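*Asks:* I have a structure I would like to understand better, so I am pasting it below and will then ask my questions one at a time.
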Amino acid sequence: NAGVMQNPRHLVRRRGQEARLRCSPVKGHSHVYWYRQLPEEGLKFMVYLQKENIIDESGMPKERFSAEFPKEGPSILRIQQVVRGDSAAYFCASSIHKNTEAFFGQGTRLTVV
Amino acid sequence: DAKTTQPPSMDCAEGRAANLPCNHSTISGNEYVYWYRQIHSQGPQYIIHGLKNNETNEMASLIITEDRKSSTLILPHATLRDTAVYYCIVRVEDSNYQLIWGAGTKLIIKP
C-alpha cells in the first residue's frame, strides 16, 4: 500500500452536499482506478483514468458522479448532491502500466447523514 | 458477477500453513489469477499472481491446477497479522483493470 495517498480518510456529508475525494498515486504511476466498497462486500470498479483521460467509466453512475486526473495534482472523485446510499468506502489504486499490479490507498470512508 | 468462488471463512492456527482455495472453472486462456488481501479497514494489498505455473514470493505461494480451474494460495507460516479477507480474482492480462471482486475468504489466524 505504500505510496498511494487518499484524503480525507473519513468524510461526513449531509444529504445534498458535495463530496470530493482525493487520491495521489504512487510517484511515476499514470494509471488510476477508483473502487467503491460496501460493508461485507468486495470492491466494485468505478472508473479508470490515465493522466487527463477517462479510459473506462463503465462502473460509475451516470448522474452525480465524476472523476478527473489532471496533469498536475491528485485524482479527484466528486459526488454531487450526496444521498445516504453513497455511504461507502472509496478506494483508489494506481499502477505504472495498465496491466501491472495496482497499489491501493487506505480509502476514504464517506458517511452521508 | 465474480468469476471465482471462495469459502466465506476459514480458521488456521498460528505458525501453521494456511491454504486458501479458489475455484475459477470458467477461466479463459489469457486470464491471470490474482490474489489480494484486505486487513480490516485498510486498502487491499497485492499478494501474488500467476497464469499457469506455480509462483512463489516472499509473502506466499500460488498453486494452480493443470486445468487452471482452481488454485490455492498458501501462507507457509501464518501469523496473527495474516488475519484478513483474501480475494481471488481472475483478470485478463491486458485488461483495463476492471477487476471483478467477489466476497473473498475471511481468514482468522488463531493463537
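Identifiers for the C-alpha cells are assigned positionally: chains receive A, B, ... in sequence, residues are indexed from 1 per chain, and ligands are indexed from 1 in the order shown.
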If we count only C-alpha atoms and set the cut-off at 12 Å, which residues sit around range 97-104 of chain A, ignoring sequence neighbours fewer than 4 positions away in its own chain? Please answer as a PyMOL selection string.
*Replies:* (chain A and resi 1-6+23-35+43+48-51+55-56+90-93+108) or (chain B and resi 31-38+42-50+91-99)
*Asks:* Quick one: everything within 7 Å of Val83 in chain A, counting only C-alpha atoms, minus sequence neighbours fewer than 3 positions away in the same chain. Send it as a PyMOL selection string.
*Replies:* chain A and resi 15-16+86+112
*Asks:* Store the residues of this selection in a file with N, CA, C and O atoms, as a PDB file, in the first residue's frame.
*Replies:*
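Written file, again.pdb:
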```pdb
ATOM      1  N   ARG A  15     -26.993  15.041   3.419  1.00  0.00           N
ATOM      2  CA  ARG A  15     -27.673  14.797   2.148  1.00  0.00           C
ATOM      3  C   ARG A  15     -27.769  16.084   1.339  1.00  0.00           C
ATOM      4  O   ARG A  15     -28.096  17.140   1.882  1.00  0.00           O
ATOM      5  N   GLY A  16     -27.430  16.004   0.080  1.00  0.00           N
ATOM      6  CA  GLY A  16     -27.490  17.163  -0.802  1.00  0.00           C
ATOM      7  C   GLY A  16     -26.177  17.908  -0.951  1.00  0.00           C
ATOM      8  O   GLY A  16     -26.022  18.712  -1.875  1.00  0.00           O
ATOM      9  N   ASP A  86     -24.874   6.629  -0.930  1.00  0.00           N
ATOM     10  CA  ASP A  86     -23.480   6.855  -1.334  1.00  0.00           C
ATOM     11  C   ASP A  86     -22.512   6.527  -0.209  1.00  0.00           C
ATOM     12  O   ASP A  86     -21.290   6.499  -0.425  1.00  0.00           O
ATOM     13  N   VAL A 112     -22.908   9.609   4.786  1.00  0.00           N
ATOM     14  CA  VAL A 112     -23.908  10.631   4.461  1.00  0.00           C
ATOM     15  C   VAL A 112     -24.989  10.581   5.533  1.00  0.00           C
ATOM     16  O   VAL A 112     -25.595   9.524   5.766  1.00  0.00           O
TER      17      VAL A 112
END
```
*Asks:* Counting only C-alpha atoms, what is within 9 Å of range 15-19 of chain B, bar same-chain residues fewer than 4 positions away, as a PDB file with N, CA and C atoms, in the first residue's frame?
*Replies:*
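New file selection.pdb:
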```
ATOM      1  N   MET B  10     -12.400 -19.174   6.978  1.00  0.00           N
ATOM      2  CA  MET B  10     -11.513 -20.278   7.355  1.00  0.00           C
ATOM      3  C   MET B  10     -10.765 -19.883   8.615  1.00  0.00           C
ATOM      4  N   ASP B  11     -10.406 -20.891   9.405  1.00  0.00           N
ATOM      5  CA  ASP B  11      -9.538 -20.682  10.562  1.00  0.00           C
ATOM      6  C   ASP B  11      -8.221 -21.385  10.315  1.00  0.00           C
ATOM      7  N   THR B  72      -4.775 -22.544  -5.260  1.00  0.00           N
ATOM      8  CA  THR B  72      -4.651 -22.463  -3.807  1.00  0.00           C
ATOM      9  C   THR B  72      -3.567 -21.461  -3.448  1.00  0.00           C
ATOM     10  N   LEU B  73      -3.905 -20.558  -2.584  1.00  0.00           N
ATOM     11  CA  LEU B  73      -2.912 -19.636  -2.027  1.00  0.00           C
ATOM     12  C   LEU B  73      -2.406 -20.234  -0.727  1.00  0.00           C
ATOM     13  N   ILE B  74      -1.096 -20.288  -0.574  1.00  0.00           N
ATOM     14  CA  ILE B  74      -0.506 -20.865   0.627  1.00  0.00           C
ATOM     15  C   ILE B  74       0.306 -19.806   1.362  1.00  0.00           C
ATOM     16  N   LEU B  75      -0.075 -19.573   2.612  1.00  0.00           N
ATOM     17  CA  LEU B  75       0.745 -18.751   3.506  1.00  0.00           C
ATOM     18  C   LEU B  75       1.509 -19.739   4.378  1.00  0.00           C
ATOM     19  N   PRO B  76       2.812 -19.876   4.193  1.00  0.00           N
ATOM     20  CA  PRO B  76       3.523 -21.013   4.775  1.00  0.00           C
ATOM     21  C   PRO B  76       3.551 -21.047   6.308  1.00  0.00           C
ATOM     22  N   HIS B  77       3.678 -19.907   6.936  1.00  0.00           N
ATOM     23  CA  HIS B  77       3.740 -19.873   8.409  1.00  0.00           C
ATOM     24  C   HIS B  77       2.862 -18.706   8.868  1.00  0.00           C
ATOM     25  N   ALA B  78       1.592 -18.985   9.028  1.00  0.00           N
ATOM     26  CA  ALA B  78       0.640 -17.901   9.298  1.00  0.00           C
ATOM     27  C   ALA B  78       0.912 -17.250  10.650  1.00  0.00           C
ATOM     28  N   THR B  79       0.787 -15.933  10.658  1.00  0.00           N
ATOM     29  CA  THR B  79       0.882 -15.178  11.910  1.00  0.00           C
ATOM     30  C   THR B  79      -0.445 -14.466  12.150  1.00  0.00           C
ATOM     31  N   LEU B  80      -0.599 -13.926  13.353  1.00  0.00           N
ATOM     32  CA  LEU B  80      -1.850 -13.242  13.689  1.00  0.00           C
ATOM     33  C   LEU B  80      -2.108 -12.075  12.739  1.00  0.00           C
ATOM     34  N   LEU B 107     -10.073 -15.063   6.570  1.00  0.00           N
ATOM     35  CA  LEU B 107      -9.129 -15.965   7.234  1.00  0.00           C
ATOM     36  C   LEU B 107      -8.845 -15.441   8.631  1.00  0.00           C
ATOM     37  N   ILE B 109      -6.591 -16.181  11.922  1.00  0.00           N
ATOM     38  CA  ILE B 109      -5.465 -16.926  12.477  1.00  0.00           C
ATOM     39  C   ILE B 109      -5.621 -16.930  13.998  1.00  0.00           C
ATOM     40  N   PRO B 111      -4.342 -18.005  17.895  1.00  0.00           N
ATOM     41  CA  PRO B 111      -3.092 -18.271  18.643  1.00  0.00           C
ATOM     42  C   PRO B 111      -3.084 -19.680  19.222  1.00  0.00           C
TER      43      PRO B 111
END
```
*Asks:* Which is closest to Gly107 in chain A among A:Ala89, A:Arg20, A:Gln37, A:Phe45, if we use only C-alpha atoms?
*Replies:*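 The shortest atom-to-atom distance to Gly107 in chain A comes from A:Ala89.
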*Asks:* Need the shell around Ile108 in chain B: protein/DNA/RNA residues with any atom at most 9 Å away, counting only C-alpha atoms. Skip same-chain ones fewer than 5 positions apart. Format as a PyMOL selection string?
*Replies:* chain B and resi 9-13+80+82-85
*Asks:* Just write the chosen residues, N, CA, C and O atoms, as a tab-separated table (two decimals), in the first residue's frame.
*Replies:*
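File written: selection_6.tsv
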```tsv
chain	number	residue	atom	x	y	z
B	9	SER	N	-15.27	-18.32	4.93
B	9	SER	CA	-14.38	-18.14	6.07
B	9	SER	C	-13.56	-19.40	6.33
B	9	SER	O	-13.94	-20.50	5.93
B	10	MET	N	-12.40	-19.17	6.98
B	10	MET	CA	-11.51	-20.28	7.36
B	10	MET	C	-10.77	-19.88	8.61
B	10	MET	O	-10.49	-18.69	8.84
B	11	ASP	N	-10.41	-20.89	9.41
B	11	ASP	CA	-9.54	-20.68	10.56
B	11	ASP	C	-8.22	-21.38	10.32
B	11	ASP	O	-8.16	-22.39	9.60
B	12	CYS	N	-7.17	-20.88	10.94
B	12	CYS	CA	-5.86	-21.54	10.86
B	12	CYS	C	-5.11	-21.24	12.14
B	12	CYS	O	-5.19	-20.11	12.67
B	13	ALA	N	-4.36	-22.21	12.63
B	13	ALA	CA	-3.57	-21.99	13.84
B	13	ALA	C	-2.30	-21.24	13.50
B	13	ALA	O	-1.68	-21.45	12.45
B	80	LEU	N	-0.60	-13.93	13.35
B	80	LEU	CA	-1.85	-13.24	13.69
B	80	LEU	C	-2.11	-12.08	12.74
B	80	LEU	O	-3.26	-11.74	12.44
B	82	ASP	N	-1.76	-12.04	9.68
B	82	ASP	CA	-2.31	-12.50	8.41
B	82	ASP	C	-3.84	-12.60	8.43
B	82	ASP	O	-4.46	-12.94	7.42
B	83	THR	N	-4.44	-12.33	9.58
B	83	THR	CA	-5.91	-12.30	9.65
B	83	THR	C	-6.42	-11.20	8.74
B	83	THR	O	-6.07	-10.03	8.90
B	84	ALA	N	-7.25	-11.58	7.75
B	84	ALA	CA	-7.70	-10.63	6.74
B	84	ALA	C	-8.73	-11.32	5.85
B	84	ALA	O	-8.97	-12.53	5.97
B	85	VAL	N	-9.31	-10.56	4.95
B	85	VAL	CA	-10.15	-11.14	3.89
B	85	VAL	C	-9.27	-11.29	2.66
B	85	VAL	O	-8.61	-10.33	2.23
```
*Asks:* As an exercise, work out the distance from CA of Ser87 in chain A to CA of Gln6 in chain B in Å and give it to one decimal place.
*Replies:*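 Computing it gives 26.6 Å between the two atoms.
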*Asks:* Can you work out the spacing between CA of Ala88 in chain A and CA of Lys71 in chain A in Å, to one decimal?
*Replies:* 27.7 Å
*Asks:* For CA of Leu77 in chain A and CA of Leu21 in chain A, determine how far apart the two atoms are, in Å to one decimal place.
*Replies:* 5.1 Å
*Asks:* I need the strand (DSSP E) residues of chain A per DSSP on the backbone, written as a PDB file with N, CA and C atoms, in the first residue's frame.
*Replies:*
```pdb
ATOM      1  N   MET A   5      -1.810   7.871  -1.646  1.00  0.00           N
ATOM      2  CA  MET A   5      -2.340   8.655  -0.527  1.00  0.00           C
ATOM      3  C   MET A   5      -3.754   9.122  -0.857  1.00  0.00           C
ATOM      4  N   GLN A   6      -4.667   8.811   0.039  1.00  0.00           N
ATOM      5  CA  GLN A   6      -6.035   9.266  -0.132  1.00  0.00           C
ATOM      6  C   GLN A   6      -6.414  10.177   1.033  1.00  0.00           C
ATOM      7  N   ASN A   7      -7.113  11.220   0.719  1.00  0.00           N
ATOM      8  CA  ASN A   7      -7.640  12.056   1.796  1.00  0.00           C
ATOM      9  C   ASN A   7      -8.946  12.697   1.380  1.00  0.00           C
ATOM     10  N   HIS A  10     -11.742   9.980   6.458  1.00  0.00           N
ATOM     11  CA  HIS A  10     -13.154   9.924   6.825  1.00  0.00           C
ATOM     12  C   HIS A  10     -13.795  11.245   6.419  1.00  0.00           C
ATOM     13  N   LEU A  11     -14.998  11.134   5.861  1.00  0.00           N
ATOM     14  CA  LEU A  11     -15.706  12.318   5.389  1.00  0.00           C
ATOM     15  C   LEU A  11     -17.182  12.149   5.722  1.00  0.00           C
ATOM     16  N   VAL A  12     -17.732  13.147   6.390  1.00  0.00           N
ATOM     17  CA  VAL A  12     -19.159  13.133   6.718  1.00  0.00           C
ATOM     18  C   VAL A  12     -19.820  14.270   5.956  1.00  0.00           C
ATOM     19  N   ARG A  13     -20.867  13.952   5.255  1.00  0.00           N
ATOM     20  CA  ARG A  13     -21.611  14.960   4.491  1.00  0.00           C
ATOM     21  C   ARG A  13     -23.094  14.789   4.763  1.00  0.00           C
ATOM     22  N   ALA A  19     -19.330  15.805  -2.130  1.00  0.00           N
ATOM     23  CA  ALA A  19     -18.166  15.138  -1.544  1.00  0.00           C
ATOM     24  C   ALA A  19     -17.045  15.125  -2.576  1.00  0.00           C
ATOM     25  N   ARG A  20     -15.850  15.511  -2.136  1.00  0.00           N
ATOM     26  CA  ARG A  20     -14.676  15.482  -3.011  1.00  0.00           C
ATOM     27  C   ARG A  20     -13.625  14.600  -2.369  1.00  0.00           C
ATOM     28  N   LEU A  21     -13.269  13.541  -3.064  1.00  0.00           N
ATOM     29  CA  LEU A  21     -12.300  12.577  -2.560  1.00  0.00           C
ATOM     30  C   LEU A  21     -11.036  12.703  -3.404  1.00  0.00           C
ATOM     31  N   ARG A  22      -9.904  12.769  -2.718  1.00  0.00           N
ATOM     32  CA  ARG A  22      -8.642  12.992  -3.417  1.00  0.00           C
ATOM     33  C   ARG A  22      -7.740  11.777  -3.341  1.00  0.00           C
ATOM     34  N   CYS A  23      -6.987  11.566  -4.404  1.00  0.00           N
ATOM     35  CA  CYS A  23      -6.076  10.425  -4.482  1.00  0.00           C
ATOM     36  C   CYS A  23      -4.786  10.852  -5.165  1.00  0.00           C
ATOM     37  N   SER A  24      -3.679  10.727  -4.451  1.00  0.00           N
ATOM     38  CA  SER A  24      -2.363  10.971  -5.043  1.00  0.00           C
ATOM     39  C   SER A  24      -1.721   9.614  -5.306  1.00  0.00           C
ATOM     40  N   HIS A  31      -1.628   5.601 -14.133  1.00  0.00           N
ATOM     41  CA  HIS A  31      -2.917   4.913 -14.244  1.00  0.00           C
ATOM     42  C   HIS A  31      -3.569   4.901 -12.873  1.00  0.00           C
ATOM     43  N   VAL A  32      -4.794   5.378 -12.800  1.00  0.00           N
ATOM     44  CA  VAL A  32      -5.520   5.473 -11.532  1.00  0.00           C
ATOM     45  C   VAL A  32      -6.887   4.813 -11.682  1.00  0.00           C
ATOM     46  N   TYR A  33      -7.290   4.113 -10.644  1.00  0.00           N
ATOM     47  CA  TYR A  33      -8.562   3.388 -10.630  1.00  0.00           C
ATOM     48  C   TYR A  33      -9.292   3.727  -9.342  1.00  0.00           C
ATOM     49  N   TRP A  34     -10.594   3.895  -9.452  1.00  0.00           N
ATOM     50  CA  TRP A  34     -11.421   4.124  -8.271  1.00  0.00           C
ATOM     51  C   TRP A  34     -12.379   2.949  -8.106  1.00  0.00           C
ATOM     52  N   TYR A  35     -12.532   2.519  -6.834  1.00  0.00           N
ATOM     53  CA  TYR A  35     -13.430   1.441  -6.483  1.00  0.00           C
ATOM     54  C   TYR A  35     -14.296   1.872  -5.307  1.00  0.00           C
ATOM     55  N   ARG A  36     -15.464   1.264  -5.218  1.00  0.00           N
ATOM     56  CA  ARG A  36     -16.345   1.511  -4.075  1.00  0.00           C
ATOM     57  C   ARG A  36     -16.571   0.177  -3.365  1.00  0.00           C
ATOM     58  N   GLN A  37     -16.628   0.236  -2.035  1.00  0.00           N
ATOM     59  CA  GLN A  37     -16.858  -0.986  -1.262  1.00  0.00           C
ATOM     60  C   GLN A  37     -17.918  -0.739  -0.196  1.00  0.00           C
ATOM     61  N   LEU A  43     -14.843  -5.172  -3.586  1.00  0.00           N
ATOM     62  CA  LEU A  43     -14.765  -3.868  -4.230  1.00  0.00           C
ATOM     63  C   LEU A  43     -15.492  -3.883  -5.573  1.00  0.00           C
ATOM     64  N   LYS A  44     -16.084  -2.759  -5.921  1.00  0.00           N
ATOM     65  CA  LYS A  44     -16.758  -2.615  -7.219  1.00  0.00           C
ATOM     66  C   LYS A  44     -16.032  -1.534  -8.011  1.00  0.00           C
ATOM     67  N   PHE A  45     -15.592  -1.906  -9.206  1.00  0.00           N
ATOM     68  CA  PHE A  45     -14.892  -0.956 -10.069  1.00  0.00           C
ATOM     69  C   PHE A  45     -15.805   0.210 -10.433  1.00  0.00           C
ATOM     70  N   MET A  46     -15.220   1.408 -10.419  1.00  0.00           N
ATOM     71  CA  MET A  46     -15.988   2.580 -10.827  1.00  0.00           C
ATOM     72  C   MET A  46     -15.433   3.197 -12.113  1.00  0.00           C
ATOM     73  N   VAL A  47     -14.142   3.584 -12.065  1.00  0.00           N
ATOM     74  CA  VAL A  47     -13.589   4.347 -13.178  1.00  0.00           C
ATOM     75  C   VAL A  47     -12.076   4.148 -13.240  1.00  0.00           C
ATOM     76  N   TYR A  48     -11.576   4.215 -14.475  1.00  0.00           N
ATOM     77  CA  TYR A  48     -10.141   4.071 -14.736  1.00  0.00           C
ATOM     78  C   TYR A  48      -9.696   5.296 -15.529  1.00  0.00           C
ATOM     79  N   LEU A  49      -8.669   5.962 -15.029  1.00  0.00           N
ATOM     80  CA  LEU A  49      -8.180   7.177 -15.672  1.00  0.00           C
ATOM     81  C   LEU A  49      -6.689   7.042 -15.943  1.00  0.00           C
ATOM     82  N   GLN A  50      -6.267   7.648 -17.035  1.00  0.00           N
ATOM     83  CA  GLN A  50      -4.855   7.748 -17.326  1.00  0.00           C
ATOM     84  C   GLN A  50      -4.569   9.195 -17.671  1.00  0.00           C
ATOM     85  N   ASN A  53      -7.168  11.686 -18.978  1.00  0.00           N
ATOM     86  CA  ASN A  53      -8.144  10.981 -19.805  1.00  0.00           C
ATOM     87  C   ASN A  53      -8.918   9.949 -18.988  1.00  0.00           C
ATOM     88  N   ILE A  54     -10.220   9.896 -19.227  1.00  0.00           N
ATOM     89  CA  ILE A  54     -11.027   8.830 -18.664  1.00  0.00           C
ATOM     90  C   ILE A  54     -11.029   7.684 -19.671  1.00  0.00           C
ATOM     91  N   ILE A  55     -10.501   6.533 -19.233  1.00  0.00           N
ATOM     92  CA  ILE A  55     -10.389   5.398 -20.141  1.00  0.00           C
ATOM     93  C   ILE A  55     -11.633   4.520 -20.079  1.00  0.00           C
ATOM     94  N   ASP A  56     -12.126   4.303 -18.866  1.00  0.00           N
ATOM     95  CA  ASP A  56     -13.272   3.411 -18.679  1.00  0.00           C
ATOM     96  C   ASP A  56     -14.050   3.902 -17.466  1.00  0.00           C
ATOM     97  N   PHE A  65     -21.935  11.617 -10.239  1.00  0.00           N
ATOM     98  CA  PHE A  65     -20.547  11.189 -10.029  1.00  0.00           C
ATOM     99  C   PHE A  65     -19.670  11.669 -11.186  1.00  0.00           C
ATOM    100  N   SER A  66     -18.468  12.119 -10.850  1.00  0.00           N
ATOM    101  CA  SER A  66     -17.499  12.469 -11.877  1.00  0.00           C
ATOM    102  C   SER A  66     -16.099  12.240 -11.332  1.00  0.00           C
ATOM    103  N   ALA A  67     -15.157  12.048 -12.247  1.00  0.00           N
ATOM    104  CA  ALA A  67     -13.774  11.816 -11.837  1.00  0.00           C
ATOM    105  C   ALA A  67     -12.855  12.540 -12.792  1.00  0.00           C
ATOM    106  N   GLU A  68     -11.713  12.949 -12.270  1.00  0.00           N
ATOM    107  CA  GLU A  68     -10.710  13.596 -13.101  1.00  0.00           C
ATOM    108  C   GLU A  68      -9.328  13.255 -12.575  1.00  0.00           C
ATOM    109  N   SER A  75      -5.846  12.866  -8.351  1.00  0.00           N
ATOM    110  CA  SER A  75      -7.114  12.492  -8.972  1.00  0.00           C
ATOM    111  C   SER A  75      -8.228  12.842  -7.992  1.00  0.00           C
ATOM    112  N   ILE A  76      -9.346  13.281  -8.536  1.00  0.00           N
ATOM    113  CA  ILE A  76     -10.488  13.676  -7.712  1.00  0.00           C
ATOM    114  C   ILE A  76     -11.707  12.861  -8.135  1.00  0.00           C
ATOM    115  N   LEU A  77     -12.376  12.287  -7.138  1.00  0.00           N
ATOM    116  CA  LEU A  77     -13.694  11.692  -7.366  1.00  0.00           C
ATOM    117  C   LEU A  77     -14.696  12.623  -6.701  1.00  0.00           C
ATOM    118  N   ARG A  78     -15.641  13.124  -7.487  1.00  0.00           N
ATOM    119  CA  ARG A  78     -16.615  14.073  -6.974  1.00  0.00           C
ATOM    120  C   ARG A  78     -17.999  13.454  -7.001  1.00  0.00           C
ATOM    121  N   ILE A  79     -18.682  13.600  -5.885  1.00  0.00           N
ATOM    122  CA  ILE A  79     -20.061  13.125  -5.798  1.00  0.00           C
ATOM    123  C   ILE A  79     -20.918  14.331  -5.431  1.00  0.00           C
ATOM    124  N   ALA A  88     -20.113   4.687   1.829  1.00  0.00           N
ATOM    125  CA  ALA A  88     -19.294   3.526   1.477  1.00  0.00           C
ATOM    126  C   ALA A  88     -17.836   3.899   1.690  1.00  0.00           C
ATOM    127  N   ALA A  89     -16.967   2.898   1.492  1.00  0.00           N
ATOM    128  CA  ALA A  89     -15.533   3.167   1.450  1.00  0.00           C
ATOM    129  C   ALA A  89     -15.130   3.290  -0.016  1.00  0.00           C
ATOM    130  N   TYR A  90     -14.391   4.316  -0.335  1.00  0.00           N
ATOM    131  CA  TYR A  90     -13.944   4.539  -1.708  1.00  0.00           C
ATOM    132  C   TYR A  90     -12.427   4.380  -1.743  1.00  0.00           C
ATOM    133  N   PHE A  91     -11.987   3.450  -2.590  1.00  0.00           N
ATOM    134  CA  PHE A  91     -10.559   3.167  -2.682  1.00  0.00           C
ATOM    135  C   PHE A  91     -10.022   3.608  -4.037  1.00  0.00           C
ATOM    136  N   CYS A  92      -8.832   4.112  -3.993  1.00  0.00           N
ATOM    137  CA  CYS A  92      -8.102   4.493  -5.186  1.00  0.00           C
ATOM    138  C   CYS A  92      -6.894   3.574  -5.307  1.00  0.00           C
ATOM    139  N   ALA A  93      -6.560   3.198  -6.529  1.00  0.00           N
ATOM    140  CA  ALA A  93      -5.364   2.398  -6.779  1.00  0.00           C
ATOM    141  C   ALA A  93      -4.608   3.010  -7.945  1.00  0.00           C
ATOM    142  N   SER A  94      -3.314   2.738  -8.013  1.00  0.00           N
ATOM    143  CA  SER A  94      -2.538   3.230  -9.152  1.00  0.00           C
ATOM    144  C   SER A  94      -1.585   2.145  -9.624  1.00  0.00           C
ATOM    145  N   SER A  95      -1.213   2.250 -10.885  1.00  0.00           N
ATOM    146  CA  SER A  95      -0.245   1.313 -11.441  1.00  0.00           C
ATOM    147  C   SER A  95       0.619   2.051 -12.443  1.00  0.00           C
ATOM    148  N   PHE A 103      -1.484  -0.725  -6.750  1.00  0.00           N
ATOM    149  CA  PHE A 103      -1.287  -0.488  -5.319  1.00  0.00           C
ATOM    150  C   PHE A 103      -2.437   0.389  -4.832  1.00  0.00           C
ATOM    151  N   PHE A 104      -3.013  -0.001  -3.719  1.00  0.00           N
ATOM    152  CA  PHE A 104      -4.201   0.677  -3.218  1.00  0.00           C
ATOM    153  C   PHE A 104      -3.870   1.649  -2.094  1.00  0.00           C
ATOM    154  N   THR A 108     -11.173   6.254   1.538  1.00  0.00           N
ATOM    155  CA  THR A 108     -11.944   7.327   2.182  1.00  0.00           C
ATOM    156  C   THR A 108     -13.295   6.745   2.549  1.00  0.00           C
ATOM    157  N   ARG A 109     -13.634   6.852   3.825  1.00  0.00           N
ATOM    158  CA  ARG A 109     -14.930   6.355   4.270  1.00  0.00           C
ATOM    159  C   ARG A 109     -15.916   7.515   4.313  1.00  0.00           C
ATOM    160  N   LEU A 110     -16.852   7.468   3.401  1.00  0.00           N
ATOM    161  CA  LEU A 110     -17.851   8.524   3.284  1.00  0.00           C
ATOM    162  C   LEU A 110     -19.105   8.111   4.032  1.00  0.00           C
ATOM    163  N   THR A 111     -19.561   8.990   4.900  1.00  0.00           N
ATOM    164  CA  THR A 111     -20.823   8.772   5.609  1.00  0.00           C
ATOM    165  C   THR A 111     -21.745   9.931   5.288  1.00  0.00           C
ATOM    166  N   VAL A 112     -22.908   9.609   4.786  1.00  0.00           N
ATOM    167  CA  VAL A 112     -23.908  10.631   4.461  1.00  0.00           C
ATOM    168  C   VAL A 112     -24.989  10.581   5.533  1.00  0.00           C
TER     169      VAL A 112
END
```
*Asks:* Of the residues B:Ser28, B:Thr65, B:Asn54, B:Ser41, which is the one nearest to chain A, using only C-alpha atoms?
*Replies:*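 Ranking B:Ser28, B:Thr65, B:Asn54, B:Ser41 by distance to chain A, first place goes to B:Ser41.
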*Asks:* From the list A:Glu41, A:Glu63, A:Glu18, A:Glu52, which residue is nearest chain B when using only C-alpha atoms?
*Replies:*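 Smallest separation from chain B among the options: A:Glu41.
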